[in-house]
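Data from input.cif: mmCIF, C-alpha atoms
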```
data_input
loop_
_atom_site.label_atom_id
_atom_site.label_comp_id
_atom_site.auth_asym_id
_atom_site.auth_seq_id
_atom_site.Cartn_x
_atom_site.Cartn_y
_atom_site.Cartn_z
CA MET A 8 71.11 -94.44 81.61
CA SER A 9 73.82 -91.82 81.16
CA THR A 10 73.53 -88.39 82.66
CA PRO A 11 74.33 -85.21 80.77
CA SER A 12 77.80 -83.86 81.30
CA GLY A 13 78.56 -80.43 82.68
CA PRO A 14 77.58 -78.54 85.81
CA GLN A 15 74.07 -79.05 87.17
CA ASP A 16 73.79 -75.73 89.00
CA GLY A 17 72.24 -73.76 86.14
CA THR A 18 75.51 -72.44 84.60
CA GLU A 19 77.44 -73.22 81.48
CA PRO A 20 81.18 -74.08 81.48
CA SER A 21 83.32 -70.96 81.40
CA ALA A 22 86.27 -70.40 79.09
CA GLY A 23 88.60 -71.36 81.95
CA ASP A 24 86.90 -74.76 82.23
CA GLY A 25 87.76 -75.64 78.67
CA GLY A 26 84.47 -74.54 77.16
CA ALA A 27 83.30 -71.41 75.32
CA ALA A 28 81.92 -68.54 77.36
CA PRO A 29 78.10 -68.39 77.23
CA ALA A 30 76.55 -65.67 75.06
CA GLY A 31 73.42 -65.37 77.22
CA PRO A 32 71.39 -67.10 79.94
CA ALA A 33 72.25 -70.80 80.38
CA TYR A 34 69.32 -73.16 79.93
CA TYR A 35 70.09 -76.89 79.96
CA ARG A 36 68.35 -80.20 79.42
CA PRO A 37 67.24 -81.83 82.73
CA GLY A 38 68.77 -85.02 84.11
CA PRO A 39 67.19 -88.41 84.39
CA SER A 40 65.19 -87.40 87.46
CA SER A 41 63.29 -84.66 85.60
CA GLY A 42 59.66 -84.89 84.62
CA TYR A 43 58.19 -84.21 81.20
CA TYR A 44 58.80 -80.45 81.34
CA PRO A 45 62.17 -78.70 81.09
CA GLN A 46 63.59 -77.20 84.22
CA TYR A 47 65.11 -73.74 84.11
CA PRO A 48 67.49 -72.15 86.57
CA GLN A 49 65.97 -69.64 88.94
CA ASN A 50 68.50 -67.02 87.86
CA PRO A 51 69.32 -67.47 84.14
CA TYR A 52 71.93 -64.68 84.23
CA GLY A 53 74.34 -66.61 86.46
CA PRO A 54 75.10 -66.76 90.17
CA GLY A 55 75.50 -63.45 91.93
CA SER A 56 73.51 -61.43 89.39
CA SER A 57 70.44 -59.41 90.35
CA GLY A 58 68.17 -61.22 87.91
CA VAL A 59 67.70 -58.03 85.85
CA PRO A 60 68.44 -58.24 82.11
CA PRO A 61 71.81 -56.60 81.32
CA GLN A 62 70.27 -54.01 78.97
CA PHE A 63 68.16 -52.73 81.90
CA ALA A 64 70.93 -52.80 84.54
CA GLY A 65 70.69 -49.01 84.87
CA GLY A 66 66.93 -49.12 85.41
CA TYR A 67 63.84 -49.67 83.30
CA PRO A 68 62.78 -46.84 80.97
CA ALA A 69 59.98 -44.61 82.14
CA ALA A 70 56.58 -45.23 80.64
CA ARG A 71 55.60 -42.85 77.85
CA PRO A 72 52.73 -40.47 78.70
CA GLN A 73 49.41 -41.27 77.15
CA GLU A 74 48.96 -39.26 73.97
CA THR A 75 45.61 -37.67 73.25
CA TYR A 76 44.20 -36.90 69.82
CA PRO A 77 41.30 -34.67 68.83
CA TYR A 78 38.24 -36.47 67.47
CA GLY A 79 39.55 -39.81 68.70
CA GLY A 80 42.63 -39.95 66.43
CA PRO A 81 45.24 -40.63 65.32
CA PHE A 82 44.11 -40.57 61.70
CA PRO A 83 45.95 -41.73 58.58
CA ALA A 84 48.14 -39.11 56.94
CA GLY A 85 46.17 -36.73 54.72
CA THR A 86 42.71 -37.74 56.01
CA GLY A 87 40.44 -36.89 58.89
CA PRO A 88 40.57 -33.78 61.10
CA GLN A 89 44.20 -34.25 62.09
CA TYR A 90 44.82 -30.61 61.14
CA VAL A 91 43.11 -29.48 64.34
CA GLY A 92 45.63 -29.08 67.13
CA GLN A 93 45.19 -29.20 70.88
CA THR A 94 44.65 -25.44 71.04
CA GLY A 95 42.03 -25.38 68.29
CA ALA A 96 44.31 -23.70 65.76
CA THR A 97 44.26 -25.21 62.30
CA GLY A 98 47.09 -25.96 59.94
CA ARG A 99 46.21 -25.19 56.34
CA PRO A 100 47.00 -28.18 54.05
CA ARG A 101 49.26 -27.74 51.06
CA ASN A 102 46.47 -28.38 48.55
CA VAL A 103 44.53 -25.37 49.82
CA VAL A 104 47.60 -23.13 49.52
CA THR A 105 48.47 -24.38 46.02
CA GLY A 106 44.85 -24.23 44.84
CA PHE A 107 44.56 -20.66 46.11
CA MET A 108 47.65 -19.64 44.13
CA PHE A 109 46.24 -21.18 40.93
CA LEU A 110 42.88 -19.47 41.45
CA LEU A 111 44.58 -16.06 41.67
CA VAL A 112 46.23 -16.32 38.24
CA SER A 113 43.08 -15.58 36.20
CA PRO A 114 41.82 -12.59 38.21
CA ALA A 115 45.31 -11.11 38.28
CA LEU A 116 45.41 -11.18 34.47
CA PHE A 117 41.95 -9.67 34.10
CA ILE A 118 42.60 -6.95 36.67
CA VAL A 119 45.61 -5.83 34.65
CA VAL A 120 43.73 -5.99 31.32
CA GLY A 121 40.68 -4.24 32.76
CA LEU A 122 42.71 -1.41 34.26
CA VAL A 123 44.61 -0.90 31.02
CA LEU A 124 41.35 -0.64 29.04
CA ALA A 125 39.72 1.63 31.61
CA LEU A 126 42.62 3.99 32.27
CA ALA A 127 44.80 3.94 29.15
CA PRO A 128 44.40 6.88 26.73
CA LEU A 129 42.53 5.16 23.89
CA THR A 130 42.58 7.04 20.59
CA PRO A 131 41.31 6.29 17.06
CA ASP A 132 44.92 6.10 15.88
CA MET A 133 45.23 2.75 17.67
CA PHE A 134 43.11 1.15 14.93
CA PRO A 135 44.86 1.28 11.55
CA PRO A 136 42.67 1.44 8.42
CA GLU A 137 43.56 -2.12 7.38
CA THR A 138 41.72 -3.50 10.41
CA GLY A 139 38.38 -2.40 8.90
CA ILE A 140 37.12 -1.02 12.20
CA GLN A 141 35.88 2.24 10.68
CA GLU A 142 33.86 0.45 8.01
CA ALA A 143 32.32 -1.82 10.62
CA LEU A 144 31.39 1.14 12.80
CA THR A 145 29.80 2.95 9.87
CA ALA A 146 27.75 -0.11 8.97
CA SER A 147 26.50 -0.48 12.56
CA GLY A 148 25.77 3.23 12.99
CA LEU A 149 28.33 3.74 15.75
CA THR A 150 31.13 6.24 16.06
CA MET A 151 34.72 5.72 17.11
CA GLU A 152 34.13 7.67 20.33
CA GLN A 153 31.27 5.36 21.24
CA LEU A 154 33.50 2.35 20.64
CA LEU A 155 36.28 3.75 22.83
CA SER A 156 33.80 4.58 25.59
CA ALA A 157 32.41 1.05 25.46
CA MET A 158 35.95 -0.37 25.71
CA ARG A 159 36.65 1.76 28.80
CA THR A 160 33.42 0.65 30.43
CA PHE A 161 34.15 -2.97 29.61
CA GLY A 162 37.61 -2.65 31.13
CA ALA A 163 36.24 -1.20 34.36
CA VAL A 164 33.58 -3.94 34.69
CA LEU A 165 36.18 -6.61 33.93
CA ALA A 166 38.49 -5.29 36.65
CA VAL A 167 35.69 -5.17 39.21
CA LEU A 168 34.58 -8.74 38.45
CA ALA A 169 38.16 -9.92 38.71
CA VAL A 170 38.54 -8.23 42.10
CA VAL A 171 35.34 -9.91 43.34
CA TYR A 172 36.62 -13.28 42.13
CA ALA A 173 39.96 -12.72 43.88
CA LEU A 174 38.19 -11.74 47.13
CA LEU A 175 36.14 -14.96 47.00
CA ALA A 176 39.38 -16.89 46.57
CA VAL A 177 40.85 -15.13 49.62
CA VAL A 178 37.79 -15.87 51.76
CA SER A 179 37.90 -19.50 50.62
CA PHE A 180 41.56 -19.60 51.59
CA LEU A 181 40.55 -18.49 55.08
CA GLY A 182 38.34 -21.58 55.40
CA LYS A 183 34.85 -20.43 54.37
CA LEU A 184 33.15 -23.25 52.49
CA GLY A 185 30.29 -21.03 51.26
CA ALA A 186 32.75 -18.74 49.51
CA LEU A 187 34.41 -21.73 47.89
CA ILE A 188 31.07 -23.01 46.55
CA THR A 189 30.24 -19.57 45.13
CA LEU A 190 33.70 -19.36 43.61
CA THR A 191 33.27 -22.79 42.03
CA VAL A 192 29.94 -21.82 40.42
CA LEU A 193 31.49 -18.67 38.95
CA THR A 194 34.48 -20.65 37.74
CA VAL A 195 32.25 -23.12 35.89
CA LEU A 196 30.32 -20.29 34.21
CA PHE A 197 33.47 -18.43 33.20
CA ASP A 198 35.17 -21.60 32.01
CA LEU A 199 32.24 -22.40 29.70
CA PHE A 200 32.75 -19.00 28.06
CA TRP A 201 36.49 -19.52 27.75
CA LEU A 202 35.98 -23.02 26.40
CA LEU A 203 33.91 -21.56 23.58
CA ALA A 204 36.60 -18.94 23.02
CA LEU A 205 39.21 -21.71 22.86
CA LEU A 206 37.21 -23.67 20.31
CA SER A 207 36.73 -20.58 18.14
CA ALA A 208 40.48 -19.87 18.30
CA ALA A 209 41.50 -23.41 17.37
CA THR A 210 43.01 -22.17 14.09
CA ASN A 211 44.78 -19.25 15.79
CA PRO A 212 47.44 -20.49 18.26
CA ILE A 213 48.15 -16.98 19.55
CA GLY A 214 44.50 -16.33 20.31
CA ALA A 215 44.26 -19.63 22.20
CA ILE A 216 46.95 -18.71 24.74
CA LEU A 217 44.68 -16.74 27.10
CA PRO A 218 41.81 -19.30 27.12
CA VAL A 219 44.28 -22.11 27.81
CA ILE A 220 45.82 -20.23 30.75
CA VAL A 221 42.43 -19.35 32.24
CA LEU A 222 40.98 -22.84 31.82
CA GLY A 223 44.08 -24.65 33.06
CA THR A 224 44.70 -22.58 36.19
CA SER A 225 41.05 -22.40 37.25
CA ILE A 226 40.41 -26.13 36.81
CA VAL A 227 43.56 -27.09 38.71
CA GLY A 228 42.78 -24.59 41.48
CA VAL A 229 39.21 -25.81 42.04
CA THR A 230 40.32 -29.46 41.90
CA LEU A 231 42.92 -28.89 44.61
CA MET A 232 40.40 -27.03 46.75
CA PHE A 233 38.10 -30.07 46.68
CA SER A 234 40.75 -32.72 47.30
CA ALA A 235 40.44 -35.08 50.28
CA GLN A 236 42.87 -33.08 52.42
CA SER A 237 41.16 -29.78 51.59
CA ARG A 238 37.66 -31.12 52.28
CA ALA A 239 38.79 -32.47 55.66
CA TRP A 240 40.27 -29.08 56.51
CA PHE A 241 37.12 -27.19 55.48
CA ALA A 242 35.00 -29.63 57.52
CA ALA A 243 37.20 -29.04 60.58
CA ARG A 244 36.83 -25.26 60.15
CA ARG A 245 33.02 -25.37 60.24
#
```

Please lay out the structure from this file as structure tokens.
Amino acid sequence: MSTPSGPQDGTEPSAGDGGAAPAGPAYYRPGPSSGYYPQYPQNPYGPGSSGVPPQFAGGYPAARPQETYPYGGPFPAGTGPQYVGQTGATGRPRNVVTGFMFLLVSPALFIVVGLVLALAPLTPDMFPPETGIQEALTASGLTMEQLLSAMRTFGAVLAVLAVVYALLAVVSFLGKLGALITLTVLTVLFDLFWLLALLSAATNPIGAILPVIVLGTSIVGVTLMFSAQSRAWFAARR
């Protein structure tokens, strides 16, 4: 039986011996005296080496410190209480910030409108005869002064309600779930009114602008406030 050619000391032929230089550790097939299992050299990196892989010749890397996570994390991105840091401070998710900005659009509009009605110098000259306001007032038994006074009162009430709504949005932004629930109930009630206003103004595109703005911004704002990220953040704040 023929024996395999080449050195039997665990090394491969070098380039000077007429063979190609080895690319890595030299493992070879055993000779005729071997058993059923392959035999490997004690030092696969060649004679005279320390037995340490070349990439770790300068030393093995230090072990990474054990990382700790609150609530037994880590959690998948966007879920769970991963917004709570080691010091207990919370990071507000983007959905809460964006939802808060949408929820401020409607009260900002109504604060401006309410203040204009309450503080602007309303006069009968603002209603031209072709509007038919005077005839309607006469038929209802009201005077122009009573109408203007009612408009001022309505403007003041509107501004106050808008301020209350905005304050609820601010408290919700700070992480109070009760304020968010109250804000959501008010939003549903107001949106039902504006939905009726939108349906009645279906034939008047200009009159439908305000209901569309109010409905769109409030619905988007509440939806973002109740997204998965936002709910996890509110739960962590409790």

Next item on the list: Return as a list of chain:residue names the set of residues that the PyMOL selection byres ((chain A and resi 126) around 10) yields on the displayed structure.
Entry: A:Gly121, A:Leu122, A:Val123, A:Leu124, A:Ala125, A:Ala127, A:Pro128, A:Leu129, A:Arg159, A:Thr160, A:Gly162, A:Ala163

Checklist line | Expected selection from the PyMOL selection byres ((chain A and resi 172) around 9), given as a VMD selection string | finding: chain A and resid 110 to 111 114 167 to 171 173 to 177 190 193 to 194

Margin query: Under the rule that only C-alpha atoms are counted, which of A:Gly182, A:Leu144, A:Pro218, A:Thr138 is the nearest residue to A:Arg99?
Written below: A:Gly182

Margin query: Can you tell me which residues surround A:Leu154 at a distance of at most 12 Å, considering all atoms listed in the file, apart from same-chain residues fewer than 6 positions away, and format the answer as a ChimeraX atom specification?
Written below: /A:124,129-131,134,140-141,143-145,147-148,160-161

Next item on the list: State, in Å with one decimal place, the distance from atom CA of A:Asp198 to atom CA of A:Thr224.
Entry: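 Taking atom CA of A:Asp198 as the start and atom CA of A:Thr224 as the end point, the length is 10.5 Å.
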
Next item on the list: Figure out the distance between atom CA of A:Met232 and atom CA of A:Gly106, please, to one decimal in Å.
Entry: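 Atom-to-atom, atom CA of A:Gly106 and atom CA of A:Met232 are spaced 5.6 Å apart.
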
Next item on the list: For each of A:Thr210, A:Ser225, A:Thr189, A:Asn102, take the minimum atom-to-atom distance to A:Ala239, counting only C-alpha atoms, then give the residue where this is smallest.
Entry: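 Nearest to A:Ala239: A:Asn102.
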
Notebook entry, point to check: So how far away is atom CA of A:Ser237 from atom CA of A:Val219, in Å?
Noted result: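 We find that atom CA of A:Val219 and atom CA of A:Ser237 lie 25.2 Å from each other.
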